[in-house]
$ cat coords.cif   # mmCIF, C-alpha atoms (C1' of nucleotides)
data_model
loop_
_atom_site.label_atom_id
_atom_site.label_comp_id
_atom_site.auth_asym_id
_atom_site.auth_seq_id
_atom_site.Cartn_x
_atom_site.Cartn_y
_atom_site.Cartn_z
CA MET A 70 -69.13 -12.43 67.20
CA GLU A 71 -66.13 -10.12 67.30
CA THR A 72 -62.84 -11.32 68.74
CA ASP A 73 -60.33 -8.94 70.27
CA THR A 74 -57.98 -9.55 67.37
CA GLU A 75 -60.64 -8.69 64.83
CA GLN A 76 -61.54 -5.61 66.78
CA ALA A 77 -57.92 -4.50 66.91
CA LEU A 78 -57.71 -4.76 63.13
CA ARG A 79 -60.87 -2.74 62.55
CA ASP A 80 -59.73 -0.15 65.05
CA VAL A 81 -56.82 0.72 62.80
CA GLY A 82 -58.93 0.64 59.66
CA LEU A 83 -57.96 -2.77 58.35
CA ARG A 84 -60.35 -5.51 57.30
CA ALA A 85 -60.47 -8.45 59.63
CA THR A 86 -59.41 -11.23 57.32
CA ALA A 87 -58.59 -14.78 58.33
CA GLY A 88 -54.98 -14.31 57.30
CA ARG A 89 -54.44 -11.23 59.41
CA VAL A 90 -56.10 -12.77 62.43
CA ALA A 91 -53.96 -15.88 62.07
CA VAL A 92 -50.76 -13.87 61.74
CA LEU A 93 -51.55 -11.73 64.77
CA ASP A 94 -52.39 -14.82 66.82
CA ALA A 95 -49.18 -16.49 65.71
CA LEU A 96 -47.16 -13.44 66.76
CA ALA A 97 -48.94 -13.37 70.11
CA SER A 98 -47.86 -16.91 70.89
CA MET A 99 -44.38 -16.68 69.40
CA PRO A 100 -42.88 -13.21 69.41
CA HIS A 101 -39.67 -12.50 67.45
CA SER A 102 -40.68 -14.75 64.58
CA ASN A 103 -39.52 -14.21 61.05
CA ALA A 104 -41.83 -14.29 58.04
CA ASP A 105 -41.04 -17.90 57.24
CA HIS A 106 -41.71 -18.97 60.79
CA VAL A 107 -45.07 -17.22 60.80
CA PHE A 108 -45.87 -18.68 57.40
CA ARG A 109 -45.32 -22.23 58.59
CA VAL A 110 -47.60 -21.77 61.58
CA VAL A 111 -50.31 -19.95 59.67
CA SER A 112 -50.35 -22.29 56.70
CA SER A 113 -51.52 -25.23 58.80
CA ALA A 114 -54.76 -23.36 59.46
CA LEU A 115 -54.86 -21.62 56.10
CA PRO A 116 -53.33 -23.96 53.52
CA THR A 117 -53.97 -21.58 50.63
CA THR A 118 -51.77 -18.84 52.00
CA SER A 119 -48.32 -18.06 50.67
CA ILE A 120 -45.11 -16.60 51.98
CA GLN A 121 -45.76 -13.48 49.90
CA SER A 122 -49.13 -13.01 51.58
CA VAL A 123 -47.49 -13.34 54.95
CA HIS A 124 -44.93 -10.70 54.02
CA ASN A 125 -47.76 -8.55 52.78
CA ILE A 126 -49.76 -8.97 55.97
CA LEU A 127 -46.77 -8.37 58.19
CA ALA A 128 -46.02 -5.17 56.31
CA ASP A 129 -49.63 -4.01 56.66
CA LEU A 130 -49.73 -4.81 60.36
CA THR A 131 -46.46 -3.03 60.95
CA MET A 132 -47.57 0.04 59.01
CA ALA A 133 -50.78 0.12 61.00
CA GLY A 134 -48.91 -0.12 64.28
CA LEU A 135 -50.24 -3.54 65.29
CA SER A 136 -46.84 -5.16 65.06
CA ARG A 137 -43.25 -4.10 65.16
CA ARG A 138 -40.43 -5.15 62.88
CA VAL A 139 -36.98 -5.82 64.35
CA GLU A 140 -33.90 -6.45 62.23
CA PRO A 141 -30.91 -7.70 64.20
CA ALA A 142 -27.69 -7.74 62.20
CA GLY A 143 -27.19 -11.05 60.46
CA SER A 144 -30.73 -12.36 60.60
CA ALA A 145 -33.98 -11.90 58.74
CA SER A 146 -36.58 -9.44 59.96
CA LEU A 147 -38.45 -10.49 63.07
CA TYR A 148 -41.90 -9.39 64.12
CA GLU A 149 -43.57 -8.97 67.49
CA ARG A 150 -46.86 -7.62 68.84
CA ARG A 151 -45.35 -5.63 71.70
CA VAL A 152 -45.55 -2.15 70.35
CA ASN A 153 -45.49 1.41 71.68
CA ASP A 154 -43.44 0.58 74.76
CA ASN A 155 -39.96 1.28 73.46
CA HIS A 156 -38.43 -1.93 74.72
CA HIS A 157 -35.17 -3.36 73.47
CA HIS A 158 -33.70 -6.78 72.67
CA VAL A 159 -30.91 -9.15 73.65
CA VAL A 160 -29.69 -11.39 70.87
CA CYS A 161 -27.61 -14.51 71.43
CA SER A 162 -24.52 -14.20 69.26
CA GLN A 163 -24.24 -17.97 69.10
CA CYS A 164 -27.72 -19.27 68.30
CA GLY A 165 -29.63 -16.09 67.45
CA ALA A 166 -32.17 -16.48 70.26
CA ILE A 167 -33.79 -13.20 71.15
CA ALA A 168 -35.49 -11.86 74.27
CA ASP A 169 -37.07 -8.61 75.32
CA VAL A 170 -35.26 -6.12 77.53
CA ASP A 171 -37.31 -3.48 79.20
CA CYS A 172 -36.10 0.04 78.95
CA VAL A 173 -32.67 0.37 80.30
CA VAL A 174 -32.77 2.66 83.29
CA GLY A 175 -36.42 3.62 83.59
CA HIS A 176 -36.07 6.91 81.82
CA THR A 177 -34.35 6.74 78.46
CA PRO A 178 -30.72 7.80 78.77
CA CYS A 179 -29.96 6.48 75.32
CA LEU A 180 -32.10 9.15 73.76
CA SER A 181 -29.55 11.77 74.72
CA PRO A 182 -26.44 11.20 72.68
CA SER A 183 -23.59 13.61 73.21
CA ALA A 184 -23.05 14.88 69.67
CA THR A 185 -25.31 13.91 66.81
CA GLY A 186 -23.64 15.70 63.94
CA GLY A 187 -26.65 17.91 63.43
CA PHE A 188 -29.17 15.09 63.22
CA THR A 189 -32.52 15.57 64.96
CA VAL A 190 -32.80 12.36 66.94
CA GLN A 191 -36.26 10.82 67.23
CA THR A 192 -35.77 7.32 68.59
CA ALA A 193 -33.03 5.10 69.88
CA GLU A 194 -32.85 1.42 69.25
CA VAL A 195 -30.69 -0.71 71.48
CA THR A 196 -29.56 -4.22 70.71
CA PHE A 197 -27.64 -6.15 73.32
CA TRP A 198 -25.44 -8.98 72.16
CA GLY A 199 -24.51 -11.82 74.46
CA VAL A 200 -25.00 -15.50 75.15
CA CYS A 201 -28.35 -17.04 76.00
CA PRO A 202 -28.85 -19.42 78.94
CA ASP A 203 -29.03 -22.48 76.66
CA CYS A 204 -25.75 -21.71 74.90
CA THR A 205 -24.10 -20.86 78.20
CA SER A 206 -25.00 -24.21 79.72
CA SER A 207 -24.20 -26.26 76.62
CA ALA A 208 -20.73 -24.67 76.56
CA ALA A 209 -19.95 -26.43 79.85
CA MET B 56 8.53 0.34 51.02
CA GLU B 57 5.83 -0.53 53.53
CA THR B 58 2.77 1.68 53.87
CA ASP B 59 0.81 1.89 57.09
CA THR B 60 -2.06 0.08 55.46
CA GLU B 61 0.17 -2.79 54.37
CA GLN B 62 1.66 -2.95 57.82
CA ALA B 63 -1.77 -3.07 59.43
CA LEU B 64 -2.69 -6.01 57.25
CA ARG B 65 0.46 -7.95 58.07
CA ASP B 66 0.04 -7.20 61.75
CA VAL B 67 -3.15 -9.21 61.81
CA GLY B 68 -1.67 -12.01 59.71
CA LEU B 69 -3.17 -11.11 56.34
CA ARG B 70 -1.27 -10.75 53.12
CA ALA B 71 -0.95 -7.20 51.88
CA THR B 72 -2.65 -7.50 48.52
CA ALA B 73 -3.58 -4.63 46.24
CA GLY B 74 -7.27 -5.34 46.72
CA ARG B 75 -7.14 -5.23 50.49
CA VAL B 76 -5.09 -2.07 50.52
CA ALA B 77 -7.50 -0.41 48.10
CA VAL B 78 -10.53 -1.44 50.16
CA LEU B 79 -9.01 -0.19 53.40
CA ASP B 80 -8.05 3.10 51.77
CA ALA B 81 -11.55 3.46 50.35
CA LEU B 82 -13.06 2.88 53.78
CA ALA B 83 -10.70 5.42 55.30
CA SER B 84 -11.89 8.14 52.97
CA MET B 85 -15.56 7.17 52.97
CA PRO B 86 -16.74 5.47 56.12
CA HIS B 87 -20.19 3.80 56.22
CA SER B 88 -19.92 2.55 52.66
CA ASN B 89 -21.67 -0.54 51.43
CA ALA B 90 -20.00 -3.25 49.37
CA ASP B 91 -21.20 -1.84 46.09
CA HIS B 92 -19.96 1.62 46.97
CA VAL B 93 -16.53 0.27 47.85
CA PHE B 94 -16.51 -1.82 44.70
CA ARG B 95 -17.11 1.18 42.48
CA VAL B 96 -14.28 3.13 44.05
CA VAL B 97 -11.84 0.24 44.08
CA SER B 98 -12.56 -0.92 40.55
CA SER B 99 -11.25 2.27 39.02
CA ALA B 100 -7.79 1.45 40.35
CA LEU B 101 -8.21 -2.32 40.02
CA PRO B 102 -10.36 -2.99 36.98
CA THR B 103 -10.11 -6.76 37.32
CA THR B 104 -11.77 -6.90 40.68
CA SER B 105 -15.34 -8.01 41.23
CA ILE B 106 -18.12 -7.34 43.69
CA GLN B 107 -17.64 -10.84 45.07
CA SER B 108 -13.98 -10.13 45.77
CA VAL B 109 -14.94 -6.97 47.56
CA HIS B 110 -17.40 -8.91 49.71
CA ASN B 111 -14.69 -11.43 50.35
CA ILE B 112 -12.16 -8.80 51.34
CA LEU B 113 -14.62 -6.94 53.55
CA ALA B 114 -15.44 -10.17 55.35
CA ASP B 115 -11.74 -10.92 55.86
CA LEU B 116 -11.01 -7.43 57.14
CA THR B 117 -13.97 -7.56 59.50
CA MET B 118 -12.99 -10.98 60.82
CA ALA B 119 -9.46 -9.72 61.39
CA GLY B 120 -10.70 -6.66 63.26
CA LEU B 121 -9.51 -4.10 60.72
CA SER B 122 -13.00 -3.02 59.83
CA ARG B 123 -16.43 -3.12 61.38
CA ARG B 124 -19.69 -4.11 59.78
CA VAL B 125 -22.84 -2.16 60.60
CA GLU B 126 -26.30 -3.23 59.49
CA PRO B 127 -28.96 -0.59 60.04
CA ALA B 128 -32.48 -1.88 59.51
CA GLY B 129 -33.59 -1.46 55.94
CA SER B 130 -30.23 -0.98 54.28
CA ALA B 131 -27.35 -3.09 53.09
CA SER B 132 -24.36 -3.75 55.31
CA LEU B 133 -22.04 -0.80 55.79
CA TYR B 134 -18.37 -0.93 56.66
CA GLU B 135 -16.07 1.42 58.50
CA ARG B 136 -12.50 1.45 59.77
CA ARG B 137 -13.27 2.90 63.19
CA VAL B 138 -13.03 -0.14 65.36
CA ASN B 139 -12.54 -0.97 69.03
CA ASP B 140 -14.02 2.25 70.32
CA ASN B 141 -17.62 1.19 70.84
CA HIS B 142 -19.16 4.15 69.08
CA HIS B 143 -22.71 4.24 67.82
CA HIS B 144 -24.58 5.61 64.81
CA VAL B 145 -27.36 8.01 63.85
CA VAL B 146 -29.28 7.08 60.73
CA CYS B 147 -31.50 9.46 58.80
CA SER B 148 -34.88 7.82 58.46
CA GLN B 149 -35.54 9.76 55.28
CA CYS B 150 -32.39 9.46 53.19
CA GLY B 151 -30.39 6.82 55.04
CA ALA B 152 -27.43 9.09 55.74
CA ILE B 153 -25.37 7.87 58.65
CA ALA B 154 -23.02 9.54 61.12
CA ASP B 155 -20.97 8.45 64.08
CA VAL B 156 -22.12 9.11 67.62
CA ASP B 157 -19.58 8.85 70.36
CA CYS B 158 -20.51 6.87 73.36
CA VAL B 159 -23.57 8.22 74.96
CA VAL B 160 -22.70 9.42 78.45
CA GLY B 161 -18.99 8.75 78.74
CA HIS B 162 -19.36 5.54 80.64
CA THR B 163 -21.66 3.02 79.02
CA PRO B 164 -25.05 3.03 80.71
CA CYS B 165 -26.52 0.99 77.92
CA LEU B 166 -24.46 -1.99 78.92
CA SER B 167 -26.50 -2.38 82.08
CA PRO B 168 -29.98 -3.47 81.10
CA SER B 169 -32.40 -4.08 83.94
CA ALA B 170 -33.42 -7.67 83.20
CA THR B 171 -31.81 -9.73 80.49
CA GLY B 172 -33.77 -12.96 80.77
CA GLY B 173 -30.67 -14.87 81.79
CA PHE B 174 -28.54 -13.72 78.87
CA THR B 175 -24.90 -12.85 79.55
CA VAL B 176 -24.60 -9.48 77.88
CA GLN B 177 -21.32 -8.71 76.14
CA THR B 178 -21.92 -5.63 74.04
CA ALA B 179 -24.62 -3.08 73.37
CA GLU B 180 -25.26 -1.59 69.99
CA VAL B 181 -27.20 1.64 69.79
CA THR B 182 -28.77 3.02 66.64
CA PHE B 183 -30.33 6.44 66.75
CA TRP B 184 -32.97 7.27 64.18
CA GLY B 185 -33.73 10.82 63.19
CA VAL B 186 -33.48 13.35 60.41
CA CYS B 187 -30.19 14.56 58.98
CA PRO B 188 -29.36 18.25 58.45
CA ASP B 189 -29.90 18.02 54.68
CA CYS B 190 -33.35 16.47 54.97
CA THR B 191 -34.29 18.92 57.71
CA SER B 192 -33.44 21.93 55.56
CA SER B 193 -34.99 20.56 52.36
CA ALA B 194 -38.24 20.01 54.28
CA ALA B 195 -38.57 23.76 54.68
"C1'" DT C 277 13.89 -18.03 42.15
"C1'" DC C 278 10.67 -21.62 43.29
"C1'" DC C 279 6.96 -23.28 45.84
"C1'" DC C 280 2.65 -23.50 48.04
"C1'" DA C 281 -0.59 -21.69 51.15
"C1'" DT C 282 -3.39 -17.89 50.67
"C1'" DA C 283 -6.20 -14.77 47.70
"C1'" DT C 284 -8.79 -13.68 43.83
"C1'" DT C 285 -11.56 -14.57 39.99
"C1'" DT C 286 -15.45 -16.40 37.77
"C1'" DG C 287 -19.80 -18.25 37.68
"C1'" DA C 288 -23.63 -20.06 39.87
"C1'" DA C 289 -26.86 -20.36 43.80
"C1'" DT C 290 -29.44 -18.72 47.73
"C1'" DT C 291 -32.14 -16.03 50.84
"C1'" DA C 292 -35.37 -12.71 51.94
"C1'" DC C 293 -38.06 -9.82 50.08
"C1'" DT C 294 -40.63 -6.73 46.59
"C1'" DC C 295 -43.62 -5.82 42.61
"C1'" DA C 296 -47.66 -6.35 39.83
"C1'" DA C 297 -51.65 -8.39 37.55
"C1'" DA C 298 -55.53 -11.35 38.22
"C1'" DA C 299 -58.73 -13.59 41.31
"C1'" DT C 300 -61.22 -13.44 45.55
"C1'" DA C 301 -63.42 -11.98 49.71
"C1'" DA C 302 -64.92 -8.34 53.21
"C1'" DC C 303 -67.73 -4.80 54.32
"C1'" DT C 304 -71.43 -1.27 52.88
"C1'" DC C 305 -75.68 0.07 51.42
"C1'" DG C 306 -80.04 -0.44 49.40
"C1'" DC D 220 -80.14 -10.52 52.49
"C1'" DG D 221 -77.76 -9.83 48.17
"C1'" DA D 222 -75.00 -6.97 44.90
"C1'" DG D 223 -71.34 -3.89 44.21
"C1'" DT D 224 -67.17 -1.73 45.33
"C1'" DT D 225 -62.78 -1.95 46.90
"C1'" DA D 226 -59.45 -3.93 49.93
"C1'" DT D 227 -56.93 -8.09 50.19
"C1'" DT D 228 -54.93 -12.29 48.70
"C1'" DT D 229 -53.11 -15.17 45.34
"C1'" DT D 230 -49.95 -16.35 41.84
"C1'" DG D 231 -45.97 -15.73 39.37
"C1'" DA D 232 -42.03 -13.33 38.33
"C1'" DG D 233 -38.16 -10.33 39.55
"C1'" DT D 234 -34.49 -8.18 42.41
"C1'" DA D 235 -30.68 -7.00 45.57
"C1'" DA D 236 -27.29 -8.43 48.52
"C1'" DT D 237 -24.74 -11.85 49.72
"C1'" DT D 238 -22.70 -16.58 49.89
"C1'" DC D 239 -20.60 -20.78 47.99
"C1'" DA D 240 -17.29 -23.27 45.35
"C1'" DA D 241 -14.06 -24.56 41.78
"C1'" DA D 242 -10.34 -22.84 39.00
"C1'" DT D 243 -6.68 -19.62 38.57
"C1'" DA D 244 -3.25 -16.48 40.17
"C1'" DT D 245 -0.14 -14.35 43.50
"C1'" DG D 246 2.49 -12.98 47.82
"C1'" DG D 247 6.14 -13.89 50.52
"C1'" DG D 248 8.99 -17.43 52.96
"C1'" DA D 249 12.69 -20.92 52.01
#
$ encode --input "coords.cif" --output "structure tokens"
Amino acid sequence: METDTEQALRDVGLRATAGRVAVLDALASMPHSNADHVFRVVSSALPTTSIQSVHNILADLTMAGLSRRVEPAGSASLYERRVNDNHHHVVCSQCGAIADVDCVVGHTPCLSPSATGGFTVQTAEVTFWGVCPDCTSSAA
Amino acid sequence: METDTEQALRDVGLRATAGRVAVLDALASMPHSNADHVFRVVSSALPTTSIQSVHNILADLTMAGLSRRVEPAGSASLYERRVNDNHHHVVCSQCGAIADVDCVVGHTPCLSPSATGGFTVQTAEVTFWGVCPDCTSSAA
DNA sequence: TCCCATATTTGAATTACTCAAAATAACTCG
DNA sequence: CGAGTTATTTTGAGTAATTCAAATATGGGA
């Protein structure tokens, strides 16, 4: 029996271990999780795992293109499974909540900066900062 | 005698201490420096200072709006004096070099995401990733 | 010049993560 | 199916960047 998650791992040349499957499943159900968050979820099913293993796995998955690492200023690295679609993020400046933002205007205007000081630009990463619905309503 | 730097400090309600003046001057001559970088420059003029003091000062200056803190993924926090002009940055994915990028199209298209999941967006932060001139030429 | 709120110093602690050696488990091939 | 090879995980230690907090020192108003 071969689950989709296992298949996805083998497709990129990684062994389908219990830890990797558990981490991918955790990310599928809770995107934008940090390593500690993932560790807590995974360790209930796999009590022998460690935070180092989770870091290890997350690094492997990210290298292989199965997950993406996001690092908003002021918080630990977050991971998500949405990959290859160049989406962006909104971060709540009060509570740190994060949500996906699909690409800004359809085509990518942000990839065309005016003057780049000679840099060859490859990608653009946009982070919106604002206030999430919860913080907005609790401010009332 | 009141230097511009001292005046700027007093204008925001901070005392004009030697450490703060030295840090601001360091940032003026080398933007996008990290705390350690600033510390090394400042400590030649002020041998009694410490890396903690520099962190302290940088935090104060940033809170007061005299400097801005930038945190590109994968590197320590960087500080700069250019503030209040909503400019962005290009980071070299090979060597970490960083340069300013003035706002993308004149008016700020990036501030208008399509769907924000209910977030009230206040600012947009754009980081361009690419290859700097030095790394481009040394790749030849 | 004196005072005291504000800064700095000093030292310790924390967080998030990396590194590396030893143990274990996944996949391959006979 | 079972053994061997090698990828992966475990375990333990180490690091970098930053924060916290108590003690000391200093800027600038009275």
$ atom_distance --input "coords.cif" --atom1 "CA of Tyr148 (chain A)" --atom2 "CA of Ala95 (chain A)"
10.3 Å
$ calpha_fit_rmsd --input "coords.cif" --fixed "chain B" --moving "chain A"
0.1 Å
$ residues_around --input "coords.cif" --residues "DT245 (chain D)" --least-positions-apart "5" --cutoff "12 Å" --atoms "all atoms listed in the file" --output "short mmCIF file (atom, residue, chain, number, x, y, z; two decimals) with C-alpha atoms (C1' of nucleotides), keeping the file's coordinate frame"
data_model
loop_
_atom_site.label_atom_id
_atom_site.label_comp_id
_atom_site.auth_asym_id
_atom_site.auth_seq_id
_atom_site.Cartn_x
_atom_site.Cartn_y
_atom_site.Cartn_z
CA ARG B 70 -1.27 -10.75 53.12
CA ALA B 71 -0.95 -7.20 51.88
CA THR B 72 -2.65 -7.50 48.52
CA ALA B 73 -3.58 -4.63 46.24
CA GLY B 74 -7.27 -5.34 46.72
"C1'" DC C 279 6.96 -23.28 45.84
"C1'" DC C 280 2.65 -23.50 48.04
"C1'" DA C 281 -0.59 -21.69 51.15
"C1'" DT C 282 -3.39 -17.89 50.67
"C1'" DA C 283 -6.20 -14.77 47.70
"C1'" DT C 284 -8.79 -13.68 43.83
"C1'" DT C 285 -11.56 -14.57 39.99
#
$ interface_residues --input "coords.cif" --of "chain A" --to "chain C" --cutoff "10 Å" --atoms "all atoms listed in the file" --output "PyMOL selection string"
chain A and resi 84-86+104-105+120-121+124-125+144-146
$ resolve_selection --input "coords.cif" --expression "the PyMOL selection byres ((chain A) within 8 of (chain D))" --output "number ranges by chain"
A: 84, 118-119, 122
$ resolve_selection --input "coords.cif" --expression "the PyMOL selection byres ((chain A and resi 153) around 10)" --output "ChimeraX atom specification"
/A:134-137,150-152,154-156
$ interface_residues --input "coords.cif" --of "chain A" --to "chain B" --cutoff "6 Å" --atoms "all atoms listed in the file" --output "number ranges by chain"
A: 140, 142, 170, 173, 182-183, 185, 187-202
$ atom_distance --input "coords.cif" --atom1 "CA of Ile126 (chain A)" --atom2 "CA of Cys150 (chain B)"
25.5 Å
$ atom_distance --input "coords.cif" --atom1 "CA of Pro86 (chain B)" --atom2 "CA of Glu135 (chain B)"
4.7 Å
$ axis_aligned_box --input "coords.cif" --around "region 107-111 of chain A" --padding-each-side "3 Å" --output "JSON"
{"center_x": -47.7, "center_y": -19.7, "center_z": 59.5, "size_x": 11.2, "size_y": 11.0, "size_z": 10.2}
$ residues_around --input "coords.cif" --residues "Thr60 (chain B)" --least-positions-apart "6" --cutoff "10 Å" --atoms "all atoms listed in the file" --output "ChimeraX atom specification"
/B:66,71,75-77,79-80
$ resolve_selection --input "coords.cif" --expression "the PyMOL selection byres ((chain B and resi 119) around 9)" --output "tab-separated table (two decimals) with C-alpha atoms, in the frame of the given file"
chain	number	residue	atom	x	y	z
B	64	LEU	CA	-2.69	-6.01	57.25
B	67	VAL	CA	-3.15	-9.21	61.81
B	68	GLY	CA	-1.67	-12.01	59.71
B	69	LEU	CA	-3.17	-11.11	56.34
B	114	ALA	CA	-15.44	-10.17	55.35
B	115	ASP	CA	-11.74	-10.92	55.86
B	116	LEU	CA	-11.01	-7.43	57.14
B	117	THR	CA	-13.97	-7.56	59.50
B	118	MET	CA	-12.99	-10.98	60.82
B	120	GLY	CA	-10.70	-6.66	63.26
B	121	LEU	CA	-9.51	-4.10	60.72
B	122	SER	CA	-13.00	-3.02	59.83
$ decode --input "coords.cif" --residues "region 230-244 of chain D" --atoms "N, CA and C atoms (P, O5', C5', C4', C3', O3' and C1' of nucleotides)" --output "short mmCIF file (atom, residue, chain, number, x, y, z; two decimals), in the first residue's frame"
data_model
loop_
_atom_site.label_atom_id
_atom_site.label_comp_id
_atom_site.auth_asym_id
_atom_site.auth_seq_id
_atom_site.Cartn_x
_atom_site.Cartn_y
_atom_site.Cartn_z
P DT D 230 16.88 8.56 21.32
"O5'" DT D 230 18.27 9.17 21.81
"C5'" DT D 230 19.48 8.45 21.54
"C4'" DT D 230 20.67 9.36 21.73
"C3'" DT D 230 20.53 10.38 22.87
"O3'" DT D 230 21.58 10.11 23.77
"C1'" DT D 230 21.44 11.38 20.93
P DG D 231 21.65 10.80 25.23
"O5'" DG D 231 22.77 11.90 24.96
"C5'" DG D 231 23.98 11.53 24.30
"C4'" DG D 231 24.76 12.77 23.93
"C3'" DG D 231 24.62 13.92 24.93
"O3'" DG D 231 25.92 14.35 25.28
"C1'" DG D 231 24.26 14.69 22.75
P DA D 232 26.20 15.47 26.37
"O5'" DA D 232 27.02 16.52 25.52
"C5'" DA D 232 27.89 16.02 24.49
"C4'" DA D 232 28.14 17.13 23.48
"C3'" DA D 232 28.39 18.49 24.14
"O3'" DA D 232 29.60 19.00 23.59
"C1'" DA D 232 26.79 18.68 22.41
P DG D 233 30.16 20.43 24.00
"O5'" DG D 233 29.75 21.35 22.75
"C5'" DG D 233 30.11 20.91 21.43
"C4'" DG D 233 29.68 22.00 20.47
"C3'" DG D 233 30.02 23.41 20.96
"O3'" DG D 233 30.60 24.11 19.89
"C1'" DG D 233 27.71 23.25 20.49
P DT D 234 31.30 25.53 20.12
"O5'" DT D 234 30.34 26.50 19.31
"C5'" DT D 234 29.85 26.08 18.03
"C4'" DT D 234 28.77 27.04 17.60
"C3'" DT D 234 29.04 28.49 18.03
"O3'" DT D 234 29.18 29.23 16.85
"C1'" DT D 234 26.77 27.86 18.44
P DA D 235 29.71 30.70 16.84
"O5'" DA D 235 28.43 31.51 16.36
"C5'" DA D 235 27.61 30.95 15.32
"C4'" DA D 235 26.36 31.78 15.23
"C3'" DA D 235 26.61 33.27 15.45
"O3'" DA D 235 25.82 33.97 14.50
"C1'" DA D 235 25.09 32.47 17.09
P DA D 236 25.93 35.55 14.39
"O5'" DA D 236 24.60 36.00 15.13
"C5'" DA D 236 23.36 35.58 14.60
"C4'" DA D 236 22.29 35.98 15.58
"C3'" DA D 236 22.33 37.46 15.96
"O3'" DA D 236 21.04 37.97 15.72
"C1'" DA D 236 22.20 36.10 17.89
P DT D 237 20.74 39.52 15.78
"O5'" DT D 237 19.99 39.60 17.18
"C5'" DT D 237 18.95 38.65 17.42
"C4'" DT D 237 18.74 38.47 18.90
"C3'" DT D 237 18.45 39.74 19.66
"O3'" DT D 237 17.05 39.80 19.82
"C1'" DT D 237 19.66 38.11 20.91
P DT D 238 16.42 41.05 20.59
"O5'" DT D 238 16.23 40.49 22.08
"C5'" DT D 238 15.54 39.27 22.27
"C4'" DT D 238 15.62 38.88 23.74
"C3'" DT D 238 15.16 39.98 24.70
"O3'" DT D 238 14.21 39.38 25.57
"C1'" DT D 238 17.27 39.14 25.36
P DC D 239 13.30 40.25 26.53
"O5'" DC D 239 13.96 40.04 27.97
"C5'" DC D 239 14.20 38.70 28.41
"C4'" DC D 239 14.97 38.73 29.71
"C3'" DC D 239 14.56 39.86 30.67
"O3'" DC D 239 14.30 39.25 31.92
"C1'" DC D 239 16.91 39.83 30.37
P DA D 240 13.59 40.06 33.10
"O5'" DA D 240 14.80 40.40 34.08
"C5'" DA D 240 15.79 39.41 34.33
"C4'" DA D 240 16.86 40.00 35.20
"C3'" DA D 240 16.40 41.23 35.99
"O3'" DA D 240 17.14 41.26 37.20
"C1'" DA D 240 18.19 41.84 34.66
P DA D 241 16.48 41.84 38.56
"O5'" DA D 241 17.78 42.20 39.41
"C5'" DA D 241 18.82 41.22 39.52
"C4'" DA D 241 20.16 41.92 39.57
"C3'" DA D 241 20.19 43.11 40.53
"O3'" DA D 241 21.42 43.06 41.25
"C1'" DA D 241 20.88 43.79 38.37
P DA D 242 21.73 44.14 42.41
"O5'" DA D 242 22.95 44.93 41.77
"C5'" DA D 242 24.11 44.21 41.37
"C4'" DA D 242 25.06 45.16 40.67
"C3'" DA D 242 25.38 46.42 41.46
"O3'" DA D 242 26.77 46.69 41.32
"C1'" DA D 242 24.52 47.01 39.36
P DT D 243 27.42 47.90 42.17
"O5'" DT D 243 27.74 48.95 41.01
"C5'" DT D 243 28.59 48.55 39.94
"C4'" DT D 243 28.49 49.60 38.85
"C3'" DT D 243 28.90 51.00 39.29
"O3'" DT D 243 30.02 51.36 38.49
"C1'" DT D 243 26.92 51.04 37.98
P DA D 244 30.76 52.75 38.74
"O5'" DA D 244 30.14 53.63 37.56
"C5'" DA D 244 30.25 53.13 36.22
"C4'" DA D 244 29.48 54.06 35.31
"C3'" DA D 244 29.86 55.53 35.44
"O3'" DA D 244 29.98 55.99 34.11
"C1'" DA D 244 27.55 55.31 35.62
#
